[in-house]
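So this block is protein_31.txt, compact mmCIF, C-alpha atoms:
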# COMPACT_ATOMS: atom_id res chain seq x y z
CA MET A 305 34.17 -111.33 67.56
CA ARG A 306 36.45 -108.51 66.36
CA THR A 307 35.39 -105.26 64.73
CA VAL A 308 37.99 -104.05 62.23
CA ARG A 309 37.99 -100.52 60.84
CA LEU A 310 39.47 -99.83 57.40
CA LEU A 311 40.64 -96.45 56.14
CA ILE A 312 40.29 -96.55 52.36
CA GLY A 313 41.18 -94.46 49.35
CA PHE A 314 40.04 -95.00 45.78
CA GLN A 315 39.81 -93.46 42.35
CA GLY A 316 36.12 -93.74 41.63
CA THR A 317 36.23 -93.27 37.85
CA ARG A 318 35.49 -96.86 36.84
CA TYR A 319 33.21 -97.83 39.72
CA GLU A 320 29.44 -97.55 40.16
CA GLY A 321 29.83 -96.01 43.59
CA TRP A 322 30.30 -97.74 46.93
CA GLN A 323 27.12 -99.63 47.73
CA SER A 324 26.35 -103.05 46.26
CA GLN A 325 23.77 -103.02 43.48
CA LYS A 326 22.70 -104.96 40.40
CA LYS A 327 25.47 -103.52 38.21
CA ASN A 328 28.09 -105.59 40.10
CA ASN A 329 30.86 -103.01 39.80
CA THR A 330 30.86 -101.36 43.20
CA LEU A 331 33.59 -100.92 45.76
CA GLN A 332 31.66 -102.72 48.47
CA GLU A 333 31.39 -105.81 46.27
CA LEU A 334 35.09 -105.60 45.41
CA PHE A 335 36.11 -105.52 49.08
CA GLU A 336 33.71 -108.26 50.13
CA LYS A 337 35.06 -110.47 47.36
CA TYR A 338 38.62 -110.20 48.66
CA LEU A 339 37.63 -110.41 52.32
CA LYS A 340 36.02 -113.74 51.48
CA THR A 341 39.23 -114.80 49.72
CA ILE A 342 41.31 -113.89 52.78
CA PHE A 343 39.07 -115.22 55.55
CA LYS A 344 37.33 -118.07 53.67
CA GLU A 345 33.89 -116.87 54.73
CA LYS A 346 31.30 -114.33 53.59
CA ILE A 347 31.87 -110.98 55.30
CA SER A 348 29.68 -107.88 55.18
CA LEU A 349 31.49 -104.55 54.96
CA LEU A 350 29.64 -101.45 56.19
CA SER A 351 30.82 -97.99 55.16
CA SER A 352 30.62 -94.46 56.53
CA SER A 353 29.26 -93.11 53.23
CA ARG A 354 27.49 -94.19 50.07
CA THR A 355 29.47 -92.44 47.38
CA ASP A 356 27.98 -91.96 43.92
CA SER A 357 29.29 -93.45 40.72
CA GLY A 358 32.56 -91.72 39.76
CA VAL A 359 33.17 -90.08 43.15
CA HIS A 360 36.65 -90.48 44.65
CA ALA A 361 37.81 -90.93 48.25
CA ARG A 362 40.89 -90.33 50.34
CA GLY A 363 39.25 -91.03 53.68
CA MET A 364 36.45 -93.57 53.33
CA VAL A 365 35.91 -95.55 56.54
CA ALA A 366 34.34 -99.00 56.67
CA HIS A 367 34.14 -101.83 59.19
CA PHE A 368 33.56 -105.57 59.32
CA LYS A 369 33.40 -108.27 61.98
CA ILE A 370 35.51 -111.43 62.10
CA THR A 371 36.56 -114.13 64.53
CA SER A 372 39.97 -114.58 62.88
CA PRO A 373 43.05 -113.59 64.94
CA LEU A 374 44.87 -112.33 61.82
CA PRO A 375 46.77 -109.17 62.91
CA ASP A 376 45.65 -105.77 61.63
CA ALA A 377 48.87 -105.22 59.67
CA LYS A 378 48.41 -108.50 57.82
CA ILE A 379 44.77 -107.68 57.02
CA LYS A 380 45.92 -104.44 55.45
CA ALA A 381 48.72 -106.15 53.52
CA ALA A 382 46.48 -108.95 52.29
CA LEU A 383 43.79 -106.58 51.03
CA ASN A 384 46.32 -104.38 49.26
CA PHE A 385 47.82 -107.48 47.64
CA TYR A 386 44.50 -108.32 45.99
CA LEU A 387 43.03 -104.85 45.38
CA PRO A 388 43.51 -103.18 41.96
CA PRO A 389 45.88 -100.19 41.60
CA ASP A 390 43.06 -97.62 41.89
CA VAL A 391 42.01 -98.78 45.39
CA LEU A 392 44.12 -98.74 48.55
CA VAL A 393 43.74 -99.57 52.25
CA TYR A 394 45.67 -97.00 54.29
CA SER A 395 45.10 -98.77 57.59
CA ALA A 396 43.27 -101.64 59.32
CA LYS A 397 42.60 -101.31 63.04
CA THR A 398 40.75 -103.45 65.57
CA MET A 399 38.16 -101.29 67.33
CA PRO A 400 35.79 -101.70 70.29
CA ALA A 401 33.08 -104.20 69.35
CA ALA A 402 30.34 -101.53 69.22
CA PHE A 403 32.13 -99.30 66.67
CA HIS A 404 30.03 -98.49 63.59
CA ALA A 405 31.56 -96.68 60.62
CA ARG A 406 28.35 -94.82 59.76
CA TYR A 407 26.49 -94.30 63.02
CA ASP A 408 29.55 -93.21 65.00
CA ALA A 409 30.63 -90.60 62.43
CA ARG A 410 30.45 -87.03 63.75
CA SER A 411 31.08 -85.22 60.47
CA LYS A 412 32.27 -85.72 56.91
CA ILE A 413 34.44 -83.54 54.72
CA TYR A 414 34.04 -83.44 50.94
CA ARG A 415 36.13 -81.50 48.44
CA TYR A 416 35.04 -80.47 44.97
CA GLN A 417 37.63 -79.15 42.50
CA ILE A 418 37.00 -77.09 39.39
CA TRP A 419 39.64 -76.59 36.69
CA ASN A 420 38.78 -72.97 35.90
CA GLN A 421 41.13 -72.40 32.95
CA LYS A 422 40.70 -72.08 29.20
CA THR A 423 43.11 -74.95 28.55
CA ARG A 424 41.67 -78.34 29.49
CA PRO A 425 43.29 -80.37 32.28
CA LEU A 426 45.61 -83.27 31.48
CA PHE A 427 46.86 -85.23 34.49
CA GLU A 428 44.18 -83.64 36.70
CA ALA A 429 41.34 -84.54 34.31
CA PRO A 430 39.83 -87.50 36.24
CA TYR A 431 39.57 -85.47 39.46
CA VAL A 432 38.32 -82.05 38.40
CA LEU A 433 35.41 -80.46 36.61
CA TRP A 434 36.68 -78.43 33.65
CA TYR A 435 34.90 -75.09 33.43
CA PRO A 436 36.75 -72.74 31.02
CA HIS A 437 34.61 -69.62 31.60
CA PRO A 438 35.02 -66.91 34.27
CA LEU A 439 33.61 -67.53 37.76
CA ASN A 440 33.21 -64.77 40.32
CA THR A 441 34.68 -66.33 43.47
CA ILE A 442 33.77 -63.31 45.62
CA LEU A 443 30.08 -63.89 44.90
CA MET A 444 30.53 -67.65 45.43
CA ARG A 445 32.08 -67.08 48.87
CA LYS A 446 29.22 -64.76 49.82
CA ALA A 447 26.69 -67.38 48.76
CA ALA A 448 28.60 -70.13 50.60
CA ARG A 449 28.10 -68.35 53.93
CA SER A 450 24.34 -68.75 53.63
CA PHE A 451 24.64 -72.55 53.66
CA ILE A 452 26.46 -72.65 57.00
CA GLY A 453 24.34 -73.70 59.97
CA ARG A 454 21.39 -76.01 60.48
CA HIS A 455 18.88 -76.06 57.63
CA ASP A 456 16.36 -78.23 55.87
CA PHE A 457 18.17 -79.16 52.65
CA SER A 458 15.14 -80.49 50.75
CA ALA A 459 15.94 -78.09 47.89
CA PHE A 460 19.44 -79.60 47.64
CA LYS A 461 18.72 -83.31 47.47
CA ASP A 462 18.03 -85.88 44.78
CA HIS A 463 14.33 -86.55 44.13
CA GLY A 464 14.81 -90.23 44.99
CA ASP A 465 16.28 -89.55 48.43
CA GLU A 466 13.57 -90.48 50.92
CA LYS A 467 14.52 -89.87 54.56
CA LYS A 468 12.66 -89.06 57.76
CA SER A 469 14.47 -85.73 58.02
CA TYR A 470 16.28 -83.53 55.53
CA VAL A 471 17.78 -81.30 58.21
CA ARG A 472 21.57 -81.21 58.27
CA THR A 473 24.20 -78.92 59.82
CA ILE A 474 26.96 -77.51 57.63
CA ARG A 475 29.89 -76.57 59.85
CA ARG A 476 32.04 -74.92 57.21
CA LEU A 477 32.01 -74.26 53.49
CA HIS A 478 35.16 -72.76 51.95
CA VAL A 479 35.66 -71.51 48.39
CA VAL A 480 39.36 -71.08 47.58
CA LYS A 481 41.01 -70.32 44.24
CA LYS A 482 44.73 -70.85 43.63
CA GLY A 483 45.80 -70.14 40.10
CA GLY A 484 43.29 -71.84 37.86
CA LEU A 485 42.14 -74.40 40.42
CA LEU A 486 38.96 -73.61 42.36
CA THR A 487 38.38 -75.74 45.45
CA ILE A 488 35.10 -75.99 47.35
CA GLU A 489 35.41 -77.82 50.68
CA ILE A 490 32.41 -78.59 52.84
CA GLU A 491 32.03 -80.21 56.25
CA ALA A 492 28.69 -81.29 57.71
CA ASP A 493 27.23 -83.74 60.19
CA GLY A 494 25.78 -85.63 57.25
CA PHE A 495 24.75 -85.27 53.62
CA LEU A 496 21.69 -86.11 51.56
CA ARG A 497 22.01 -87.86 48.23
CA HIS A 498 23.71 -85.53 45.71
CA MET A 499 23.58 -82.70 48.27
CA VAL A 500 27.22 -81.66 47.83
CA ARG A 501 27.00 -81.78 44.05
CA ILE A 502 23.80 -79.70 44.01
CA ILE A 503 25.36 -77.12 46.35
CA VAL A 504 28.39 -76.95 44.04
CA GLY A 505 26.16 -76.64 40.98
CA THR A 506 24.30 -73.80 42.69
CA LEU A 507 27.53 -72.03 43.63
CA ILE A 508 28.67 -72.29 40.01
CA GLU A 509 25.43 -70.56 38.95
CA VAL A 510 26.27 -67.80 41.43
CA GLY A 511 29.83 -67.59 40.05
CA LYS A 512 28.38 -67.25 36.53
CA LYS A 513 26.21 -64.36 37.86
CA LYS A 514 23.06 -66.23 36.93
CA LEU A 515 21.94 -66.49 40.56
CA PRO A 516 22.33 -63.73 43.17
CA PRO A 517 24.05 -64.84 46.42
CA GLN A 518 21.16 -63.48 48.47
CA GLN A 519 18.84 -66.05 46.87
CA ILE A 520 20.42 -68.98 48.72
CA LEU A 521 18.43 -68.54 51.93
CA PRO A 522 15.08 -68.19 50.10
CA ILE A 523 15.89 -71.36 48.13
CA LEU A 524 16.66 -73.21 51.38
CA ARG A 525 13.39 -72.03 52.90
CA SER A 526 11.40 -72.98 49.79
CA LYS A 527 12.45 -76.68 50.01
CA ASP A 528 11.96 -76.71 46.23
CA ARG A 529 14.64 -78.62 44.27
CA LYS A 530 13.65 -76.79 41.07
CA LEU A 531 14.95 -73.49 42.45
CA ALA A 532 18.48 -74.72 43.19
CA GLY A 533 21.20 -75.14 40.61
CA PRO A 534 22.02 -78.25 38.55
CA THR A 535 23.79 -81.27 39.99
CA ALA A 536 27.53 -80.91 39.32
CA LYS A 537 29.27 -83.89 37.73
CA ALA A 538 30.67 -86.56 40.04
CA LEU A 539 34.26 -86.55 38.78
CA GLY A 540 35.28 -83.42 40.71
CA LEU A 541 34.12 -84.76 44.08
CA THR A 542 36.31 -86.48 46.69
CA LEU A 543 35.46 -87.71 50.19
CA ILE A 544 38.40 -86.32 52.19
CA LYS A 545 37.75 -87.39 55.77
CA VAL A 546 35.23 -88.87 58.16
CA LYS A 547 35.56 -87.56 61.72
CA TYR A 548 34.86 -89.55 64.89
CA SER A 549 34.86 -88.58 68.54
CA SER A 550 37.81 -90.91 69.16
Let me see whether you can do it: turn the structure in this file into structure tokens.
Amino acid sequence: MRTVRLLIGFQGTRYEGWQSQKKNNTLQELFEKYLKTIFKEKISLLSSSRTDSGVHARGMVAHFKITSPLPDAKIKAALNFYLPPDVLVYSAKTMPAAFHARYDARSKIYRYQIWNQKTRPLFEAPYVLWYPHPLNTILMRKAARSFIGRHDFSAFKDHGDEKKSYVRTIRRLHVVKKGGLLTIEIEADGFLRHMVRIIVGTLIEVGKKKLPPQQILPILRSKDRKLAGPTAKALGLTLIKVKYSS
């Protein structure tokens, strides 16, 4: 039995996220449909992340198991033949049998982009949040530093996210502005549901001077979702990379 790892990119605009659900328009269902077409059997595809509806990816990782001897290069080519233009397999690679796309992940990197200009975006529109008002990036960077480290992120999760632990470690959180494009990049050992989008929404409140940067740590300690900022829209969010030890 082979374990095959896929490196995947997609434009998430017209999909209901990654994980299979009743709406029948998810990326997992799309891939499993074409894997069945290629291998003539039902195949389960397990991913590194469960992206929300509308979220994009450049570095989604997933794996499946097969007995077929079809070479990796032909698996990649076959999937790309069937997949629609907004989804792409960058690589297919046979891994050690025990490899698991989610459990073996050491960290994940997400990027959120804000079009901070008075004129609306055109070609960039599906991948950025348009915010035409001033944002104080100095205050946003100061607030970002408070998120770094190991914290309980209960105040920065969706109400429906039920897990045994809400403790996560943020390794870096950068706020960079070039011209009218504001980029927030965050790397952590894992994320709760909507955690990145709530952090971004909170940083935007700081940039609007509605929330002082020094309030971030008290909000973290409170574990109260009501004290954090709103959940930023999905369209500006992209999964950039999933890191593994090897």
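Take the candidates A:Trp322, A:Ile452, A:Lys397, A:Thr441 and check each one against Lys482 of chain A using all atoms listed in the file; the shortest distance goes to A:Thr441.
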Next item on the list: Would you list the residues near (35.7, -72.4, 50.4) (no more than 6 Å away, in the coordinates of the file, using all atoms listed in the file) as number ranges by chain?
Entry: A: 477-480, 488-489
Could you name the residues that touch Ala447 of chain A at 10 Å or less, counting only C-alpha atoms, but leaving out those on the same chain fewer than 3 positions away, as a short mmCIF file (atom, residue, chain, number, x, y, z; two decimals) with C-alpha atoms, in the frame of the given file?
data_model
loop_
_atom_site.label_atom_id
_atom_site.label_comp_id
_atom_site.auth_asym_id
_atom_site.auth_seq_id
_atom_site.Cartn_x
_atom_site.Cartn_y
_atom_site.Cartn_z
CA THR A 441 34.68 -66.33 43.47
CA ILE A 442 33.77 -63.31 45.62
CA LEU A 443 30.08 -63.89 44.90
CA MET A 444 30.53 -67.65 45.43
CA SER A 450 24.34 -68.75 53.63
CA PHE A 451 24.64 -72.55 53.66
CA ILE A 452 26.46 -72.65 57.00
CA LEU A 477 32.01 -74.26 53.49
CA VAL A 479 35.66 -71.51 48.39
CA THR A 506 24.30 -73.80 42.69
CA LEU A 507 27.53 -72.03 43.63
CA VAL A 510 26.27 -67.80 41.43
CA GLY A 511 29.83 -67.59 40.05
CA LEU A 515 21.94 -66.49 40.56
CA PRO A 516 22.33 -63.73 43.17
CA PRO A 517 24.05 -64.84 46.42
CA GLN A 518 21.16 -63.48 48.47
CA GLN A 519 18.84 -66.05 46.87
CA ILE A 520 20.42 -68.98 48.72
CA LEU A 521 18.43 -68.54 51.93
#
Find the residues of segment 313-375 of chain A that sit at most 10 Å from segment 409-423 of chain A; for each, write down the nearest two atoms and how far apart they are in Å, to one decimal. Count all atoms listed in the file. Sort by chain, then by number going up, and give it as a tab-separated table.
residue	atom	partner	partner_atom	distance
A:Ser352	CA	A:Ala409	CA	7.1
A:Ser353	CA	A:Lys412	CA	8.8
A:Val359	CA	A:Tyr416	CA	10.0
A:His360	CA	A:Arg415	CA	9.8
A:Ala361	CA	A:Tyr414	CA	8.8
A:Arg362	CA	A:Tyr414	CA	9.7
A:Gly363	CA	A:Ile413	CA	9.0
A:Met364	CA	A:Lys412	CA	9.6
A:Val365	CA	A:Ala409	CA	9.3
Given only C-alpha atoms, how would the per-residue table for segment 363-404 of chain A near segment 338-343 of chain A read, listing every residue at most 8 Å away with its closest atom pair and distance in Å to one decimal, sorted by chain and number, as a tab-separated table?
residue	atom	partner	partner_atom	distance
A:Ser372	CA	A:Phe343	CA	7.4
A:Ala382	CA	A:Ile342	CA	7.2
A:Leu383	CA	A:Tyr338	CA	6.7
A:Tyr386	CA	A:Tyr338	CA	6.7
A:Leu387	CA	A:Tyr338	CA	7.7
Check: So what do you get for atom CA of Lys547 of chain A versus atom CA of Met399 of chain A, distance-wise?
Finding: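 Here the two named atoms are 15.1 Å from each other.
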Note to self: Could you tell me how far atom CA of Leu541 of chain A sits from atom CA of Glu428 of chain A, in Å to one decimal place?
What the structure shows: 12.5 Å
